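As stored in query-v2.cif (mmCIF, N, CA and C atoms):
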```cif
data_input
loop_
_atom_site.label_atom_id
_atom_site.label_comp_id
_atom_site.auth_asym_id
_atom_site.auth_seq_id
_atom_site.Cartn_x
_atom_site.Cartn_y
_atom_site.Cartn_z
N MET A 1150 39.41 26.27 -56.25
CA MET A 1150 38.73 27.03 -57.26
C MET A 1150 39.66 28.07 -57.88
N ALA A 1151 39.49 28.32 -59.14
CA ALA A 1151 40.34 29.29 -59.82
C ALA A 1151 39.82 30.70 -59.60
N GLU A 1152 40.76 31.62 -59.45
CA GLU A 1152 40.36 33.02 -59.29
C GLU A 1152 40.09 33.62 -60.66
N ILE A 1153 39.12 34.50 -60.69
CA ILE A 1153 38.81 35.20 -61.93
C ILE A 1153 39.60 36.51 -61.91
N VAL A 1154 40.42 36.68 -62.89
CA VAL A 1154 41.25 37.87 -62.98
C VAL A 1154 40.68 38.75 -64.08
N SER A 1155 40.41 39.97 -63.73
CA SER A 1155 39.86 40.91 -64.70
C SER A 1155 40.98 41.69 -65.36
N SER A 1156 40.82 41.95 -66.62
CA SER A 1156 41.82 42.74 -67.33
C SER A 1156 41.56 44.24 -67.16
N ARG A 1157 40.44 44.56 -66.55
CA ARG A 1157 40.12 45.96 -66.31
C ARG A 1157 40.91 46.47 -65.11
N THR A 1158 41.29 47.70 -65.17
CA THR A 1158 41.94 48.31 -64.03
C THR A 1158 40.96 49.23 -63.35
N PHE A 1159 41.05 49.31 -62.06
CA PHE A 1159 40.15 50.15 -61.28
C PHE A 1159 40.62 51.60 -61.36
N THR A 1160 39.71 52.47 -61.78
CA THR A 1160 40.01 53.89 -61.78
C THR A 1160 39.10 54.56 -60.77
N PRO A 1161 39.67 55.26 -59.83
CA PRO A 1161 38.86 55.92 -58.81
C PRO A 1161 37.91 56.94 -59.44
N ALA A 1162 36.76 57.08 -58.82
CA ALA A 1162 35.75 58.01 -59.33
C ALA A 1162 36.21 59.45 -59.15
N ARG A 1163 35.85 60.26 -60.09
CA ARG A 1163 36.19 61.68 -60.05
C ARG A 1163 34.91 62.51 -59.94
N CYS A 1164 35.03 63.65 -59.31
CA CYS A 1164 33.90 64.58 -59.15
C CYS A 1164 33.51 65.10 -60.53
N PRO A 1165 32.21 65.06 -60.87
CA PRO A 1165 31.79 65.54 -62.20
C PRO A 1165 31.87 67.06 -62.33
N ILE A 1166 32.01 67.78 -61.23
CA ILE A 1166 32.07 69.24 -61.28
C ILE A 1166 33.51 69.73 -61.46
N CYS A 1167 34.42 69.27 -60.57
CA CYS A 1167 35.78 69.80 -60.60
C CYS A 1167 36.85 68.78 -60.99
N GLY A 1168 36.51 67.49 -60.98
CA GLY A 1168 37.47 66.47 -61.38
C GLY A 1168 38.34 65.92 -60.26
N LYS A 1169 38.18 66.42 -59.03
CA LYS A 1169 38.95 65.89 -57.91
C LYS A 1169 38.41 64.51 -57.52
N MET A 1170 39.16 63.82 -56.68
CA MET A 1170 38.73 62.52 -56.18
C MET A 1170 37.45 62.68 -55.36
N THR A 1171 36.52 61.73 -55.48
CA THR A 1171 35.27 61.82 -54.73
C THR A 1171 35.49 61.48 -53.26
N ALA A 1172 34.61 62.03 -52.44
CA ALA A 1172 34.62 61.73 -51.01
C ALA A 1172 33.39 60.89 -50.72
N ASP A 1173 33.56 59.84 -49.90
CA ASP A 1173 32.44 58.96 -49.59
C ASP A 1173 31.24 59.73 -49.06
N ARG A 1174 31.49 60.73 -48.26
CA ARG A 1174 30.40 61.50 -47.64
C ARG A 1174 29.56 62.26 -48.68
N PHE A 1175 30.18 62.69 -49.77
CA PHE A 1175 29.48 63.52 -50.76
C PHE A 1175 29.37 62.84 -52.12
N ARG A 1176 29.62 61.55 -52.19
CA ARG A 1176 29.63 60.82 -53.45
C ARG A 1176 28.40 61.12 -54.28
N PRO A 1177 28.46 61.42 -55.52
CA PRO A 1177 29.59 61.28 -56.43
C PRO A 1177 30.46 62.53 -56.51
N PHE A 1178 30.29 63.44 -55.58
CA PHE A 1178 31.05 64.69 -55.59
C PHE A 1178 32.20 64.62 -54.59
N CYS A 1179 33.07 65.63 -54.64
CA CYS A 1179 34.21 65.64 -53.73
C CYS A 1179 33.92 66.46 -52.48
N SER A 1180 32.93 67.33 -52.54
CA SER A 1180 32.65 68.21 -51.41
C SER A 1180 31.20 68.68 -51.46
N LYS A 1181 30.78 69.30 -50.37
CA LYS A 1181 29.44 69.88 -50.31
C LYS A 1181 29.30 71.00 -51.34
N ARG A 1182 30.38 71.74 -51.54
CA ARG A 1182 30.35 72.83 -52.50
C ARG A 1182 30.01 72.32 -53.90
N CYS A 1183 30.70 71.26 -54.34
CA CYS A 1183 30.42 70.72 -55.67
C CYS A 1183 29.02 70.13 -55.76
N ALA A 1184 28.55 69.52 -54.68
CA ALA A 1184 27.18 69.00 -54.65
C ALA A 1184 26.19 70.15 -54.79
N ASP A 1185 26.46 71.27 -54.12
CA ASP A 1185 25.57 72.43 -54.20
C ASP A 1185 25.62 73.08 -55.58
N VAL A 1186 26.79 73.11 -56.20
CA VAL A 1186 26.91 73.64 -57.56
C VAL A 1186 26.04 72.82 -58.51
N ASP A 1187 26.10 71.50 -58.39
CA ASP A 1187 25.30 70.62 -59.23
C ASP A 1187 23.81 70.82 -58.98
N LEU A 1188 23.41 70.93 -57.72
CA LEU A 1188 22.00 71.16 -57.39
C LEU A 1188 21.52 72.48 -57.99
N ASN A 1189 22.35 73.52 -57.90
CA ASN A 1189 21.98 74.82 -58.47
C ASN A 1189 21.81 74.72 -59.99
N ARG A 1190 22.65 73.94 -60.63
CA ARG A 1190 22.51 73.77 -62.08
C ARG A 1190 21.20 73.10 -62.45
N TRP A 1191 20.78 72.10 -61.66
CA TRP A 1191 19.49 71.46 -61.91
C TRP A 1191 18.35 72.43 -61.67
N LEU A 1192 18.40 73.16 -60.55
CA LEU A 1192 17.29 74.04 -60.19
C LEU A 1192 17.18 75.25 -61.10
N SER A 1193 18.29 75.71 -61.66
CA SER A 1193 18.24 76.89 -62.53
C SER A 1193 17.98 76.52 -63.99
N GLY A 1194 17.89 75.23 -64.31
CA GLY A 1194 17.56 74.81 -65.66
C GLY A 1194 18.75 74.64 -66.59
N VAL A 1195 19.97 74.69 -66.05
CA VAL A 1195 21.14 74.47 -66.89
C VAL A 1195 21.11 73.05 -67.43
N TYR A 1196 20.78 72.09 -66.56
CA TYR A 1196 20.61 70.71 -67.00
C TYR A 1196 19.15 70.53 -67.39
N ALA A 1197 18.92 69.93 -68.51
CA ALA A 1197 17.55 69.67 -68.94
C ALA A 1197 17.52 68.35 -69.70
N ILE A 1198 16.46 67.64 -69.53
CA ILE A 1198 16.28 66.39 -70.24
C ILE A 1198 15.53 66.72 -71.52
N PRO A 1199 16.13 66.46 -72.68
CA PRO A 1199 15.46 66.81 -73.94
C PRO A 1199 14.22 65.96 -74.15
N VAL A 1200 13.18 66.60 -74.64
CA VAL A 1200 11.95 65.89 -74.94
C VAL A 1200 11.52 66.22 -76.36
N LYS A 1201 10.83 65.30 -76.96
CA LYS A 1201 10.28 65.53 -78.28
C LYS A 1201 8.78 65.73 -78.10
N GLU A 1202 8.30 66.88 -78.57
CA GLU A 1202 6.88 67.15 -78.42
C GLU A 1202 6.08 66.23 -79.34
N ASP A 1203 5.00 65.69 -78.80
CA ASP A 1203 4.14 64.81 -79.57
C ASP A 1203 3.34 65.62 -80.59
N GLU A 1204 3.12 64.98 -81.72
CA GLU A 1204 2.26 65.60 -82.72
C GLU A 1204 0.82 65.21 -82.43
N ASP A 1205 -0.07 65.97 -82.97
CA ASP A 1205 -1.48 65.68 -82.83
C ASP A 1205 -1.80 64.39 -83.59
N GLU A 1206 -3.01 63.84 -83.42
CA GLU A 1206 -3.38 62.59 -84.07
C GLU A 1206 -3.26 62.66 -85.59
N ASP A 1207 -3.51 63.83 -86.16
CA ASP A 1207 -3.46 63.95 -87.62
C ASP A 1207 -2.05 64.25 -88.13
N GLY A 1208 -1.07 64.26 -87.24
CA GLY A 1208 0.31 64.47 -87.65
C GLY A 1208 0.73 65.92 -87.71
N GLU A 1209 -0.17 66.83 -87.35
CA GLU A 1209 0.16 68.25 -87.36
C GLU A 1209 0.23 68.77 -85.93
N ARG A 1210 0.91 69.88 -85.78
CA ARG A 1210 0.99 70.49 -84.46
C ARG A 1210 -0.37 71.08 -84.10
N PRO A 1211 -0.75 71.04 -82.83
CA PRO A 1211 -2.00 71.67 -82.43
C PRO A 1211 -1.97 73.17 -82.75
N VAL A 1212 -3.14 73.75 -83.00
CA VAL A 1212 -3.24 75.14 -83.41
C VAL A 1212 -2.61 76.07 -82.40
N HIS A 1213 -2.80 75.81 -81.10
CA HIS A 1213 -2.27 76.72 -80.08
C HIS A 1213 -0.75 76.68 -80.01
N ASP A 1214 -0.11 75.68 -80.63
CA ASP A 1214 1.35 75.60 -80.65
C ASP A 1214 1.94 76.12 -81.97
N ALA A 1215 1.08 76.42 -82.93
CA ALA A 1215 1.57 76.84 -84.23
C ALA A 1215 2.19 78.23 -84.14
N PRO A 1216 3.31 78.45 -84.84
CA PRO A 1216 3.94 79.77 -84.79
C PRO A 1216 3.04 80.82 -85.42
N GLY A 1217 3.03 81.98 -84.81
CA GLY A 1217 2.26 83.09 -85.34
C GLY A 1217 0.79 83.09 -84.95
N VAL A 1218 0.32 82.10 -84.22
CA VAL A 1218 -1.05 82.05 -83.80
C VAL A 1218 -1.11 82.41 -82.33
N ALA A 1219 -1.71 83.53 -82.03
CA ALA A 1219 -1.79 83.98 -80.64
C ALA A 1219 -3.09 83.52 -80.01
N GLU A 1220 -3.02 83.21 -78.73
CA GLU A 1220 -4.24 82.84 -78.02
C GLU A 1220 -5.02 84.09 -77.69
N GLU A 1221 -6.33 83.92 -77.53
CA GLU A 1221 -7.16 85.06 -77.16
C GLU A 1221 -6.84 85.43 -75.72
N PRO A 1222 -6.85 86.73 -75.39
CA PRO A 1222 -6.47 87.19 -74.06
C PRO A 1222 -7.36 86.64 -72.94
N ASN A 1223 -8.64 86.33 -73.21
CA ASN A 1223 -9.51 85.84 -72.16
C ASN A 1223 -9.48 84.32 -72.04
N GLY A 1224 -8.60 83.65 -72.81
CA GLY A 1224 -8.39 82.22 -72.68
C GLY A 1224 -9.43 81.36 -73.36
N ARG A 1225 -10.29 81.91 -74.20
CA ARG A 1225 -11.32 81.12 -74.91
C ARG A 1225 -10.87 80.70 -76.25
#
```
Full structure transcribed into structure tokens:
Amino acid sequence: MAEIVSSRTFTPARCPICGKMTADRFRPFCSKRCADVDLNRWLSGVYAIPVKEDEDEDGERPVHDAPGVAEEPNGR
């Protein structure tokens, strides 16, 4: 059987925090410190997944989301 030869070269994975080589124990990071830095970024809101707010059925924003419209203090 013929061997399949890839033209791609293997590049070792790098830590997304500091750029050092990853360690199997902490993959995809190089150390516990970098893993903790990443976790702190998620927990503190530095990383966020962008969302698009849905419009109401009539294509307008709901009244409570409109700028300049304050809700009543008693929540009614």
Length of the atom N of Asp1185 of chain A to atom CA of Asp1173 of chain A vector [Å]
14.4 Å
Near-segment 1175-1181 of chain A list (7 Å; all atoms listed in the file; drop same-chain fewer than 3 positions) as a PyMOL selection string
chain A and resi 1163-1166+1169-1172+1184-1186
Keeping only N, CA and C atoms, write the selected residues to a file as an mmCIF file, in the coordinates of the input.
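Saved file part_12.cif follows:
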```cif
data_model
loop_
_atom_site.group_PDB
_atom_site.id
_atom_site.type_symbol
_atom_site.label_atom_id
_atom_site.label_comp_id
_atom_site.auth_asym_id
_atom_site.auth_seq_id
_atom_site.Cartn_x
_atom_site.Cartn_y
_atom_site.Cartn_z
ATOM 1 N N ARG A 1163 35.850 60.260 -60.090
ATOM 2 C CA ARG A 1163 36.190 61.680 -60.050
ATOM 3 C C ARG A 1163 34.910 62.510 -59.940
ATOM 4 N N CYS A 1164 35.030 63.650 -59.310
ATOM 5 C CA CYS A 1164 33.900 64.580 -59.150
ATOM 6 C C CYS A 1164 33.510 65.100 -60.530
ATOM 7 N N PRO A 1165 32.210 65.060 -60.870
ATOM 8 C CA PRO A 1165 31.790 65.540 -62.200
ATOM 9 C C PRO A 1165 31.870 67.060 -62.330
ATOM 10 N N ILE A 1166 32.010 67.780 -61.230
ATOM 11 C CA ILE A 1166 32.070 69.240 -61.280
ATOM 12 C C ILE A 1166 33.510 69.730 -61.460
ATOM 13 N N LYS A 1169 38.180 66.420 -59.030
ATOM 14 C CA LYS A 1169 38.950 65.890 -57.910
ATOM 15 C C LYS A 1169 38.410 64.510 -57.520
ATOM 16 N N MET A 1170 39.160 63.820 -56.680
ATOM 17 C CA MET A 1170 38.730 62.520 -56.180
ATOM 18 C C MET A 1170 37.450 62.680 -55.360
ATOM 19 N N THR A 1171 36.520 61.730 -55.480
ATOM 20 C CA THR A 1171 35.270 61.820 -54.730
ATOM 21 C C THR A 1171 35.490 61.480 -53.260
ATOM 22 N N ALA A 1172 34.610 62.030 -52.440
ATOM 23 C CA ALA A 1172 34.620 61.730 -51.010
ATOM 24 C C ALA A 1172 33.390 60.890 -50.720
ATOM 25 N N ALA A 1184 28.550 69.520 -54.680
ATOM 26 C CA ALA A 1184 27.180 69.000 -54.650
ATOM 27 C C ALA A 1184 26.190 70.150 -54.790
ATOM 28 N N ASP A 1185 26.460 71.270 -54.120
ATOM 29 C CA ASP A 1185 25.570 72.430 -54.200
ATOM 30 C C ASP A 1185 25.620 73.080 -55.580
ATOM 31 N N VAL A 1186 26.790 73.110 -56.200
ATOM 32 C CA VAL A 1186 26.910 73.640 -57.560
ATOM 33 C C VAL A 1186 26.040 72.820 -58.510
#
```
Give me, please, the distance in Å between atom N of Cys1167 of chain A and atom CA of Cys1183 of chain A, quoted to one decimal.
6.5 Å
